[in-house]
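Have a look at query26.txt below; it lists compact mmCIF, C-alpha atoms.
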```
# COMPACT_ATOMS: atom_id res chain seq x y z
CA MET I 1 139.27 139.26 164.59
CA ASN I 2 137.28 138.06 167.53
CA THR I 3 138.00 134.43 168.39
CA ARG I 4 134.27 133.72 168.64
CA ASP I 5 133.84 134.75 164.99
CA LYS I 6 132.95 132.12 162.43
CA VAL I 7 133.75 133.01 158.84
CA LEU I 8 130.77 132.02 156.71
CA TYR I 9 132.25 133.32 153.47
CA GLN I 10 135.46 135.11 152.63
CA GLY I 11 134.95 137.39 149.63
CA ALA I 12 137.52 139.53 147.88
CA TYR I 13 136.28 142.70 149.61
CA LEU I 14 133.70 141.66 152.18
CA THR I 15 133.56 138.83 154.69
CA LEU I 16 130.33 137.33 155.96
CA LYS I 17 130.73 136.27 159.59
CA SER I 18 128.69 134.92 162.44
CA ARG I 19 129.26 135.77 166.09
CA ASN I 20 127.09 134.25 168.83
CA GLY I 21 124.57 133.41 166.13
CA TRP I 22 124.46 136.95 164.72
CA GLU I 23 125.31 137.28 161.01
CA PHE I 24 127.14 140.37 159.86
CA VAL I 25 129.46 141.69 157.19
CA ALA I 26 133.00 142.59 158.05
CA ARG I 27 134.83 145.32 156.19
CA GLN I 28 138.54 144.92 155.63
CA HIS I 29 139.11 148.67 155.67
CA GLN I 30 137.67 151.67 157.47
CA VAL I 31 135.86 154.34 155.47
CA ALA I 32 136.78 158.04 155.45
CA VAL I 33 133.82 160.32 154.68
CA ILE I 34 134.79 163.86 153.85
CA ILE I 35 132.79 166.98 154.70
CA ALA I 36 134.12 169.70 152.39
CA TRP I 37 132.61 173.19 152.28
CA THR I 38 134.09 175.68 149.83
CA VAL I 39 134.63 179.31 150.83
CA GLU I 40 131.42 180.10 148.96
CA ASP I 41 129.43 177.86 151.33
CA GLU I 42 129.01 175.09 148.80
CA LEU I 43 129.14 171.44 149.89
CA LEU I 44 131.06 169.03 147.63
CA LEU I 45 128.96 165.99 146.76
CA VAL I 46 129.58 163.05 144.46
CA GLU I 47 127.12 161.19 142.28
CA GLN I 48 127.82 157.68 141.01
CA TYR I 49 126.09 154.50 139.93
CA ARG I 50 125.99 152.07 142.84
CA GLU I 51 125.81 148.45 141.76
CA PRO I 52 124.19 147.14 144.99
CA LEU I 53 121.25 149.55 144.57
CA GLY I 54 121.14 149.50 140.79
CA ARG I 55 120.91 153.29 140.58
CA ARG I 56 122.83 156.50 141.01
CA VAL I 57 123.38 157.78 144.54
CA ILE I 58 124.37 161.21 145.90
CA GLU I 59 126.94 160.94 148.68
CA LEU I 60 129.65 162.81 150.51
CA PRO I 61 133.08 162.09 148.98
CA ALA I 62 134.46 158.95 150.63
CA GLY I 63 136.99 156.20 150.30
CA LEU I 64 138.36 153.08 151.91
CA VAL I 65 141.51 153.52 153.90
CA GLY I 66 144.12 150.77 154.05
CA ASP I 67 144.52 148.82 157.26
CA GLU I 68 148.07 149.86 157.93
CA SER I 69 147.36 153.53 157.59
CA GLU I 70 144.55 153.31 160.14
CA LEU I 71 147.21 152.89 162.78
CA GLU I 72 148.35 156.47 162.42
CA ASP I 73 146.01 159.40 162.19
CA GLU I 74 148.28 161.28 159.84
CA ASP I 75 148.22 158.51 157.26
CA PHE I 76 144.47 158.16 157.59
CA LEU I 77 144.03 161.85 156.86
CA ASP I 78 146.53 161.64 153.98
CA ALA I 79 144.39 158.91 152.47
CA ALA I 80 141.26 161.04 152.96
CA ALA I 81 143.02 163.92 151.19
CA ARG I 82 143.90 161.71 148.24
CA GLU I 83 140.33 160.40 147.98
CA LEU I 84 138.90 163.92 148.09
CA GLU I 85 141.18 165.13 145.32
CA GLU I 86 140.67 162.02 143.21
CA GLU I 87 136.88 162.11 143.44
CA THR I 88 136.22 165.85 143.39
CA GLY I 89 139.32 167.61 142.06
CA TRP I 90 139.52 169.74 145.22
CA ARG I 91 142.55 169.79 147.51
CA ALA I 92 142.22 170.51 151.23
CA GLY I 93 144.71 172.71 153.07
CA GLN I 94 143.57 171.20 156.33
CA LEU I 95 141.87 167.94 157.32
CA THR I 96 140.57 167.20 160.80
CA GLU I 97 139.04 164.10 162.30
CA PHE I 98 135.52 164.91 163.37
CA MET I 99 133.69 161.79 164.51
CA THR I 100 133.66 158.01 163.94
CA CYS I 101 130.26 156.32 163.64
CA PRO I 102 128.84 152.89 162.78
CA THR I 103 126.69 153.05 159.62
CA SER I 104 124.52 149.95 160.01
CA ALA I 105 125.14 148.53 163.46
CA GLY I 106 122.85 145.52 163.13
CA MET I 107 124.33 144.33 159.84
CA SER I 108 128.00 145.27 159.74
CA ASP I 109 131.07 146.24 161.69
CA GLU I 110 131.53 149.13 159.24
CA THR I 111 132.44 152.44 160.78
CA VAL I 112 133.06 155.69 158.98
CA MET I 113 135.30 158.47 160.14
CA PHE I 114 133.90 161.86 159.24
CA VAL I 115 136.72 164.20 158.27
CA LEU I 116 136.38 167.97 157.96
CA ALA I 117 138.21 169.34 154.92
CA GLU I 118 139.04 173.05 155.00
CA ASN I 119 140.97 175.62 152.97
CA LEU I 120 139.85 174.02 149.74
CA VAL I 121 141.41 174.79 146.37
CA GLN I 122 140.25 173.34 143.06
CA VAL I 123 143.17 171.62 141.34
CA GLY I 124 141.47 169.30 138.85
CA ARG I 125 138.23 167.94 137.53
CA GLY I 126 137.80 164.92 139.82
CA GLY I 127 135.73 161.98 138.61
CA GLY I 128 137.55 159.19 140.42
CA ASP I 129 140.05 156.65 139.18
CA ASP I 130 139.83 154.60 135.98
CA SER I 131 137.25 152.24 137.47
CA GLU I 132 134.96 155.05 138.65
CA ASP I 133 132.55 157.39 136.88
CA ILE I 134 131.85 160.12 139.39
CA VAL I 135 129.97 163.36 138.79
CA VAL I 136 131.01 166.16 141.13
CA HIS I 137 128.46 168.63 142.50
CA ARG I 138 128.99 171.88 144.41
CA VAL I 139 125.76 172.79 146.11
CA ARG I 140 125.16 176.04 147.97
CA LYS I 141 123.92 175.60 151.54
CA SER I 142 120.90 177.86 151.08
CA PHE I 143 119.71 175.74 148.16
CA ILE I 144 120.73 172.24 149.21
CA ASP I 145 117.44 170.95 150.65
CA GLN I 146 115.62 171.76 147.43
CA TRP I 147 118.48 170.34 145.35
CA LEU I 148 118.46 167.02 147.24
CA ASP I 149 114.66 166.79 147.07
CA GLU I 150 114.81 167.25 143.31
CA ARG I 151 117.44 164.54 142.89
CA ARG I 152 115.40 162.17 145.04
CA SER I 153 112.26 162.88 143.03
CA HIS I 154 114.22 161.85 139.94
CA GLY I 155 114.99 158.46 141.50
CA LEU I 156 118.49 159.04 142.82
CA GLY I 157 119.41 157.70 146.23
CA ILE I 158 120.44 160.25 148.88
CA ASP I 159 122.89 159.10 151.54
CA PRO I 160 121.51 160.26 154.91
CA LYS I 161 125.02 161.07 156.12
CA ILE I 162 124.69 164.22 153.99
CA TYR I 163 121.95 165.44 156.35
CA ALA I 164 124.16 164.69 159.35
CA ALA I 165 126.85 166.87 157.78
CA LEU I 166 124.28 169.63 157.24
CA TYR I 167 123.27 169.44 160.91
CA TRP I 168 126.88 169.83 162.00
CA SER I 169 127.34 172.78 159.63
CA ILE I 170 124.47 174.57 161.36
CA LYS I 171 125.61 173.74 164.88
CA SER I 172 129.27 174.63 164.45
CA MET C 1 116.61 139.58 142.25
CA ASN C 2 118.63 140.79 139.33
CA THR C 3 119.46 138.02 136.84
CA ARG C 4 123.07 139.18 136.75
CA ASP C 5 123.38 138.49 140.47
CA LYS C 6 125.57 135.65 141.65
CA VAL C 7 124.86 134.39 145.15
CA LEU C 8 128.19 133.91 146.91
CA TYR C 9 126.66 132.83 150.22
CA GLN C 10 123.10 132.51 151.43
CA GLY C 11 122.93 133.14 155.15
CA ALA C 12 119.89 132.94 157.41
CA TYR C 13 119.48 136.73 157.45
CA LEU C 14 121.97 138.17 154.98
CA THR C 15 123.02 137.13 151.49
CA LEU C 16 126.43 137.91 150.03
CA LYS C 17 126.13 138.56 146.31
CA SER C 18 128.23 139.65 143.38
CA ARG C 19 126.96 141.74 140.47
CA ASN C 20 129.27 142.71 137.61
CA GLY C 21 132.19 141.89 139.87
CA TRP C 22 130.92 144.06 142.74
CA GLU C 23 130.41 142.28 146.08
CA PHE C 24 127.58 143.41 148.30
CA VAL C 25 125.23 142.27 151.03
CA ALA C 26 121.57 141.85 150.27
CA ARG C 27 118.97 142.40 152.96
CA GLN C 28 115.86 140.25 152.88
CA HIS C 29 113.77 142.99 154.49
CA GLN C 30 113.61 146.76 154.43
CA VAL C 31 114.32 148.71 157.60
CA ALA C 32 111.94 151.22 159.20
CA VAL C 33 113.72 153.90 161.23
CA ILE C 34 111.44 155.91 163.48
CA ILE C 35 111.83 159.58 164.36
CA ALA C 36 109.75 160.09 167.47
CA TRP C 37 109.64 163.43 169.32
CA THR C 38 107.53 163.64 172.46
CA VAL C 39 105.39 166.73 173.15
CA GLU C 40 108.15 167.84 175.51
CA ASP C 41 110.64 168.02 172.62
CA GLU C 42 112.46 164.85 173.64
CA LEU C 43 113.77 162.44 171.02
CA LEU C 44 113.29 158.72 171.72
CA LEU C 45 116.55 156.82 171.33
CA VAL C 46 117.48 153.20 171.97
CA GLU C 47 120.72 151.78 173.31
CA GLN C 48 121.69 148.16 172.76
CA TYR C 49 124.71 145.90 172.47
CA ARG C 50 125.51 145.36 168.79
CA GLU C 51 127.31 142.11 168.13
CA PRO C 52 128.98 143.23 164.85
CA LEU C 53 130.64 146.17 166.63
CA GLY C 54 131.18 144.46 169.96
CA ARG C 55 129.80 147.43 171.89
CA ARG C 56 126.69 149.34 172.77
CA VAL C 57 125.28 151.71 170.17
CA ILE C 58 122.80 154.61 170.42
CA GLU C 59 120.29 154.57 167.55
CA LEU C 60 116.87 155.74 166.50
CA PRO C 61 114.26 153.02 167.15
CA ALA C 62 114.16 150.72 164.13
CA GLY C 63 113.08 147.35 162.90
CA LEU C 64 113.00 145.05 159.92
CA VAL C 65 109.76 144.97 158.01
CA GLY C 66 108.56 141.76 156.36
CA ASP C 67 108.70 141.53 152.58
CA GLU C 68 104.98 141.15 152.12
CA SER C 69 104.10 144.16 154.15
CA GLU C 70 106.46 146.34 152.11
CA LEU C 71 103.97 146.08 149.28
CA GLU C 72 101.47 148.25 151.10
CA ASP C 73 102.33 151.44 152.88
CA GLU C 74 99.77 150.88 155.56
CA ASP C 75 101.26 147.55 156.59
CA PHE C 76 104.74 149.02 156.55
CA LEU C 77 103.64 151.77 158.92
CA ASP C 78 101.80 149.24 161.09
CA ALA C 79 105.05 147.33 161.42
CA ALA C 80 106.90 150.55 162.29
CA ALA C 81 104.29 151.26 164.96
CA ARG C 82 104.75 147.81 166.48
CA GLU C 83 108.54 148.19 166.50
CA LEU C 84 108.34 151.60 168.16
CA GLU C 85 106.07 150.34 170.92
CA GLU C 86 108.06 147.15 171.43
CA GLU C 87 111.41 148.92 171.67
CA THR C 88 110.44 152.13 173.47
CA GLY C 89 107.05 151.58 175.11
CA TRP C 90 105.64 154.61 173.26
CA ARG C 91 102.64 154.43 170.92
CA ALA C 92 102.24 156.81 168.01
CA GLY C 93 98.87 158.30 167.12
CA GLN C 94 100.17 159.07 163.66
CA LEU C 95 102.98 157.69 161.50
CA THR C 96 104.09 159.23 158.23
CA GLU C 97 106.61 158.12 155.66
CA PHE C 98 109.31 160.72 155.46
CA MET C 99 112.17 159.57 153.22
CA THR C 100 113.85 156.37 152.01
CA CYS C 101 117.65 156.35 151.87
CA PRO C 102 120.47 153.86 151.24
CA THR C 103 122.68 153.44 154.32
CA SER C 104 125.90 152.10 152.81
CA ALA C 105 125.55 152.29 149.03
CA GLY C 106 128.94 150.75 148.21
CA MET C 107 128.45 147.71 150.41
CA SER C 108 124.76 146.85 150.54
CA ASP C 109 121.36 147.18 148.93
CA GLU C 110 120.01 148.15 152.36
CA THR C 111 117.63 151.07 152.41
CA VAL C 112 115.90 152.54 155.41
CA MET C 113 112.59 154.31 155.42
CA PHE C 114 112.52 157.15 157.90
CA VAL C 115 109.09 157.34 159.51
CA LEU C 116 107.84 160.32 161.52
CA ALA C 117 105.95 159.25 164.65
CA GLU C 118 103.62 161.84 166.16
CA ASN C 119 101.03 162.13 168.91
CA LEU C 120 103.06 159.89 171.18
CA VAL C 121 101.70 158.31 174.33
CA GLN C 122 103.69 156.15 176.72
CA VAL C 123 101.98 152.79 177.16
CA GLY C 124 104.74 150.55 178.47
CA ARG C 125 108.39 150.25 179.39
CA GLY C 126 109.80 149.11 176.05
CA GLY C 127 113.02 147.12 175.99
CA GLY C 128 112.37 144.98 172.92
CA ASP C 129 111.32 141.37 172.58
CA ASP C 130 112.73 138.40 174.51
CA SER C 131 115.88 138.31 172.40
CA GLU C 132 116.62 142.01 172.89
CA ASP C 133 118.01 144.06 175.77
CA ILE C 134 117.21 147.64 174.87
CA VAL C 135 117.61 150.70 177.08
CA VAL C 136 115.24 153.54 176.17
CA HIS C 137 116.35 157.16 176.35
CA ARG C 138 114.31 160.36 176.06
CA VAL C 139 116.65 163.22 175.33
CA ARG C 140 115.61 166.86 175.21
CA LYS C 141 116.54 168.65 171.99
CA SER C 142 118.34 171.50 173.74
CA PHE C 143 120.62 169.00 175.52
CA ILE C 144 121.05 166.31 172.88
CA ASP C 145 124.42 167.33 171.37
CA GLN C 146 126.05 167.28 174.77
CA TRP C 147 124.30 164.02 175.67
CA LEU C 148 125.52 162.27 172.50
CA ASP C 149 129.06 163.63 172.96
CA GLU C 150 129.13 162.21 176.48
CA ARG C 151 127.96 158.80 175.34
CA ARG C 152 130.57 158.75 172.58
CA SER C 153 133.30 159.74 175.01
CA HIS C 154 132.30 156.69 177.07
CA GLY C 155 132.87 154.42 174.07
CA LEU C 156 129.33 154.00 172.79
CA GLY C 157 128.70 154.09 169.05
CA ILE C 158 126.42 156.85 167.76
CA ASP C 159 124.41 156.13 164.61
CA PRO C 160 124.81 159.16 162.32
CA LYS C 161 121.16 158.86 161.24
CA ILE C 162 120.37 160.51 164.59
CA TYR C 163 122.07 163.70 163.34
CA ALA C 164 120.07 163.53 160.10
CA ALA C 165 116.89 163.40 162.21
CA LEU C 166 118.10 166.40 164.20
CA TYR C 167 118.70 168.33 160.98
CA TRP C 168 115.16 167.61 159.82
CA SER C 169 113.76 168.66 163.19
CA ILE C 170 115.40 172.06 162.78
CA LYS C 171 114.33 172.54 159.16
CA SER C 172 110.70 171.49 159.56
```
Can you present the structure in this file as structure tokens?
Amino acid sequence: MNTRDKVLYQGAYLTLKSRNGWEFVARQHQVAVIIAWTVEDELLLVEQYREPLGRRVIELPAGLVGDESELEDEDFLDAAARELEEETGWRAGQLTEFMTCPTSAGMSDETVMFVLAENLVQVGRGGGDDSEDIVVHRVRKSFIDQWLDERRSHGLGIDPKIYAALYWSIKS
Amino acid sequence: MNTRDKVLYQGAYLTLKSRNGWEFVARQHQVAVIIAWTVEDELLLVEQYREPLGRRVIELPAGLVGDESELEDEDFLDAAARELEEETGWRAGQLTEFMTCPTSAGMSDETVMFVLAENLVQVGRGGGDDSEDIVVHRVRKSFIDQWLDERRSHGLGIDPKIYAALYWSIKS
């Protein structure tokens, strides 16, 4: 924590701070966001009700990673692997750090690490832990723009990081 | 505001709330994010120091839009036009709503509206208002991956919404 930071409110999960007069939200954990393409060129996506938005949102599988494990890449990737399997039921034979990015630089110190998951095998049904109610989708690349447009037209939120992942899948 | 919401802390710009036990940050204004390609196939990007992250970040031009003006599309786009010109010095002959997306669905009710800016003409130097210190970049599409990689390797943050914009530029 920066010594210039003033804690305005310490919540259970989020902290509202001020630094040089600028208000922002501090995350206690980094976020792993997982880009997982099956061998059949399907992207794994998750759909869940998001309380802050009051509606269901389509996102890449993701999870918070504990502070300690951030210190070592291997533990970070282990945590990403667990989140992927828990949310989607797919296990990755290989996970690679791809890129770390800020998600809302004016509002938060949140950064997400994009992780590439490869050599995927389905080992369960996914759905998240007991507190979660996640629907898993496997969407073929050739059909994904139309699929996302349809979901959006039905009122679901679409996380724009999905489109970033699609860009990287074309460029790689 | 949802009647189930509990205000944990009311800041000057952000509000920390709880809803059904879920903590999140509420934005008082929506965000317009502007995708602006010049006729020479250059994307307009802005670089500025972001207090929450403690470093400089490369982003699409963007700005908060007042609550009242959100009620009418025309005013929203007018505000986007003003932000684009203020930050980059470029004026758009046409602005079109493209897509509204949540940026961090687990943490915030923040949504951004992506706006396509076309028929661009340079009318000033940009740089933002008196409180801002913005560097404007025009980056050619054929060179942009390398350019972003270089910036990241020098420690700058890269907003992943840039890659979403690049995806859309390829698909359209």
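In terms of minimum interatomic distance to chain C, I:Ile58 ranks closest within I:Val135, I:Leu84, I:Ile58, I:Leu77, counting all atoms listed in the file.
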Item checked: segment 160-163 of chain C environment, 9 Å, only C-alpha atoms, sequence neighbours closer than 5 positions dropped, as number ranges by chain -> I: 101-103, 160-161, 163-168; C: 33, 35, 45, 58-60, 103, 168
Any chance you could export the current selection's C-alpha atoms as an mmCIF file, keeping the file's coordinate frame?
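Contents of result-v8.cif, as written:
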```cif
data_model
loop_
_atom_site.group_PDB
_atom_site.id
_atom_site.type_symbol
_atom_site.label_atom_id
_atom_site.label_comp_id
_atom_site.auth_asym_id
_atom_site.auth_seq_id
_atom_site.Cartn_x
_atom_site.Cartn_y
_atom_site.Cartn_z
ATOM 1 C CA CYS I 101 130.260 156.320 163.640
ATOM 2 C CA PRO I 102 128.840 152.890 162.780
ATOM 3 C CA THR I 103 126.690 153.050 159.620
ATOM 4 C CA PRO I 160 121.510 160.260 154.910
ATOM 5 C CA LYS I 161 125.020 161.070 156.120
ATOM 6 C CA TYR I 163 121.950 165.440 156.350
ATOM 7 C CA ALA I 164 124.160 164.690 159.350
ATOM 8 C CA ALA I 165 126.850 166.870 157.780
ATOM 9 C CA LEU I 166 124.280 169.630 157.240
ATOM 10 C CA TYR I 167 123.270 169.440 160.910
ATOM 11 C CA TRP I 168 126.880 169.830 162.000
ATOM 12 C CA VAL C 33 113.720 153.900 161.230
ATOM 13 C CA ILE C 35 111.830 159.580 164.360
ATOM 14 C CA LEU C 45 116.550 156.820 171.330
ATOM 15 C CA ILE C 58 122.800 154.610 170.420
ATOM 16 C CA GLU C 59 120.290 154.570 167.550
ATOM 17 C CA LEU C 60 116.870 155.740 166.500
ATOM 18 C CA THR C 103 122.680 153.440 154.320
ATOM 19 C CA TRP C 168 115.160 167.610 159.820
#
```
Checklist line | From C:Leu44, C:Ala79, C:Met107, C:Leu95, residue lying nearest Leu64 of chain I [all atoms listed in the file] | finding: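 Among C:Leu44, C:Ala79, C:Met107, C:Leu95, it is C:Met107 that comes nearest to Leu64 of chain I.
Considering all atoms listed in the file, the residue among I:Leu116, I:Glu97, I:Ile34, I:Lys6 positioned nearest to Gly21 of chain I is I:Lys6.
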Margin query: Distance limit 9 Å, atoms considered: only C-alpha atoms. Which chain I residues sit that close to chain C? Return them as a PyMOL selection string.
Written below: chain I and resi 8-9+11-20+22-27+50-54+57+59+100-111+157-168+170
Can I get the selected residues back with C-alpha atoms, as a PDB file, keeping the file's coordinate frame?
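For reference, again-v8.pdb as written:
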```
ATOM      1  CA  LEU I   8     130.770 132.020 156.710  1.00  0.00           C
ATOM      2  CA  TYR I   9     132.250 133.320 153.470  1.00  0.00           C
ATOM      3  CA  GLY I  11     134.950 137.390 149.630  1.00  0.00           C
ATOM      4  CA  ALA I  12     137.520 139.530 147.880  1.00  0.00           C
ATOM      5  CA  TYR I  13     136.280 142.700 149.610  1.00  0.00           C
ATOM      6  CA  LEU I  14     133.700 141.660 152.180  1.00  0.00           C
ATOM      7  CA  THR I  15     133.560 138.830 154.690  1.00  0.00           C
ATOM      8  CA  LEU I  16     130.330 137.330 155.960  1.00  0.00           C
ATOM      9  CA  LYS I  17     130.730 136.270 159.590  1.00  0.00           C
ATOM     10  CA  SER I  18     128.690 134.920 162.440  1.00  0.00           C
ATOM     11  CA  ARG I  19     129.260 135.770 166.090  1.00  0.00           C
ATOM     12  CA  ASN I  20     127.090 134.250 168.830  1.00  0.00           C
ATOM     13  CA  TRP I  22     124.460 136.950 164.720  1.00  0.00           C
ATOM     14  CA  GLU I  23     125.310 137.280 161.010  1.00  0.00           C
ATOM     15  CA  PHE I  24     127.140 140.370 159.860  1.00  0.00           C
ATOM     16  CA  VAL I  25     129.460 141.690 157.190  1.00  0.00           C
ATOM     17  CA  ALA I  26     133.000 142.590 158.050  1.00  0.00           C
ATOM     18  CA  ARG I  27     134.830 145.320 156.190  1.00  0.00           C
ATOM     19  CA  ARG I  50     125.990 152.070 142.840  1.00  0.00           C
ATOM     20  CA  GLU I  51     125.810 148.450 141.760  1.00  0.00           C
ATOM     21  CA  PRO I  52     124.190 147.140 144.990  1.00  0.00           C
ATOM     22  CA  LEU I  53     121.250 149.550 144.570  1.00  0.00           C
ATOM     23  CA  GLY I  54     121.140 149.500 140.790  1.00  0.00           C
ATOM     24  CA  VAL I  57     123.380 157.780 144.540  1.00  0.00           C
ATOM     25  CA  GLU I  59     126.940 160.940 148.680  1.00  0.00           C
ATOM     26  CA  THR I 100     133.660 158.010 163.940  1.00  0.00           C
ATOM     27  CA  CYS I 101     130.260 156.320 163.640  1.00  0.00           C
ATOM     28  CA  PRO I 102     128.840 152.890 162.780  1.00  0.00           C
ATOM     29  CA  THR I 103     126.690 153.050 159.620  1.00  0.00           C
ATOM     30  CA  SER I 104     124.520 149.950 160.010  1.00  0.00           C
ATOM     31  CA  ALA I 105     125.140 148.530 163.460  1.00  0.00           C
ATOM     32  CA  GLY I 106     122.850 145.520 163.130  1.00  0.00           C
ATOM     33  CA  MET I 107     124.330 144.330 159.840  1.00  0.00           C
ATOM     34  CA  SER I 108     128.000 145.270 159.740  1.00  0.00           C
ATOM     35  CA  ASP I 109     131.070 146.240 161.690  1.00  0.00           C
ATOM     36  CA  GLU I 110     131.530 149.130 159.240  1.00  0.00           C
ATOM     37  CA  THR I 111     132.440 152.440 160.780  1.00  0.00           C
ATOM     38  CA  GLY I 157     119.410 157.700 146.230  1.00  0.00           C
ATOM     39  CA  ILE I 158     120.440 160.250 148.880  1.00  0.00           C
ATOM     40  CA  ASP I 159     122.890 159.100 151.540  1.00  0.00           C
ATOM     41  CA  PRO I 160     121.510 160.260 154.910  1.00  0.00           C
ATOM     42  CA  LYS I 161     125.020 161.070 156.120  1.00  0.00           C
ATOM     43  CA  ILE I 162     124.690 164.220 153.990  1.00  0.00           C
ATOM     44  CA  TYR I 163     121.950 165.440 156.350  1.00  0.00           C
ATOM     45  CA  ALA I 164     124.160 164.690 159.350  1.00  0.00           C
ATOM     46  CA  ALA I 165     126.850 166.870 157.780  1.00  0.00           C
ATOM     47  CA  LEU I 166     124.280 169.630 157.240  1.00  0.00           C
ATOM     48  CA  TYR I 167     123.270 169.440 160.910  1.00  0.00           C
ATOM     49  CA  TRP I 168     126.880 169.830 162.000  1.00  0.00           C
ATOM     50  CA  ILE I 170     124.470 174.570 161.360  1.00  0.00           C
TER      51      ILE I 170
END
```
Check: Which is closer to Val121 of chain C than all the others in C:Ala92, C:Ala32, C:Ser153, C:Ala62, using only C-alpha atoms?
Finding: C:Ala92
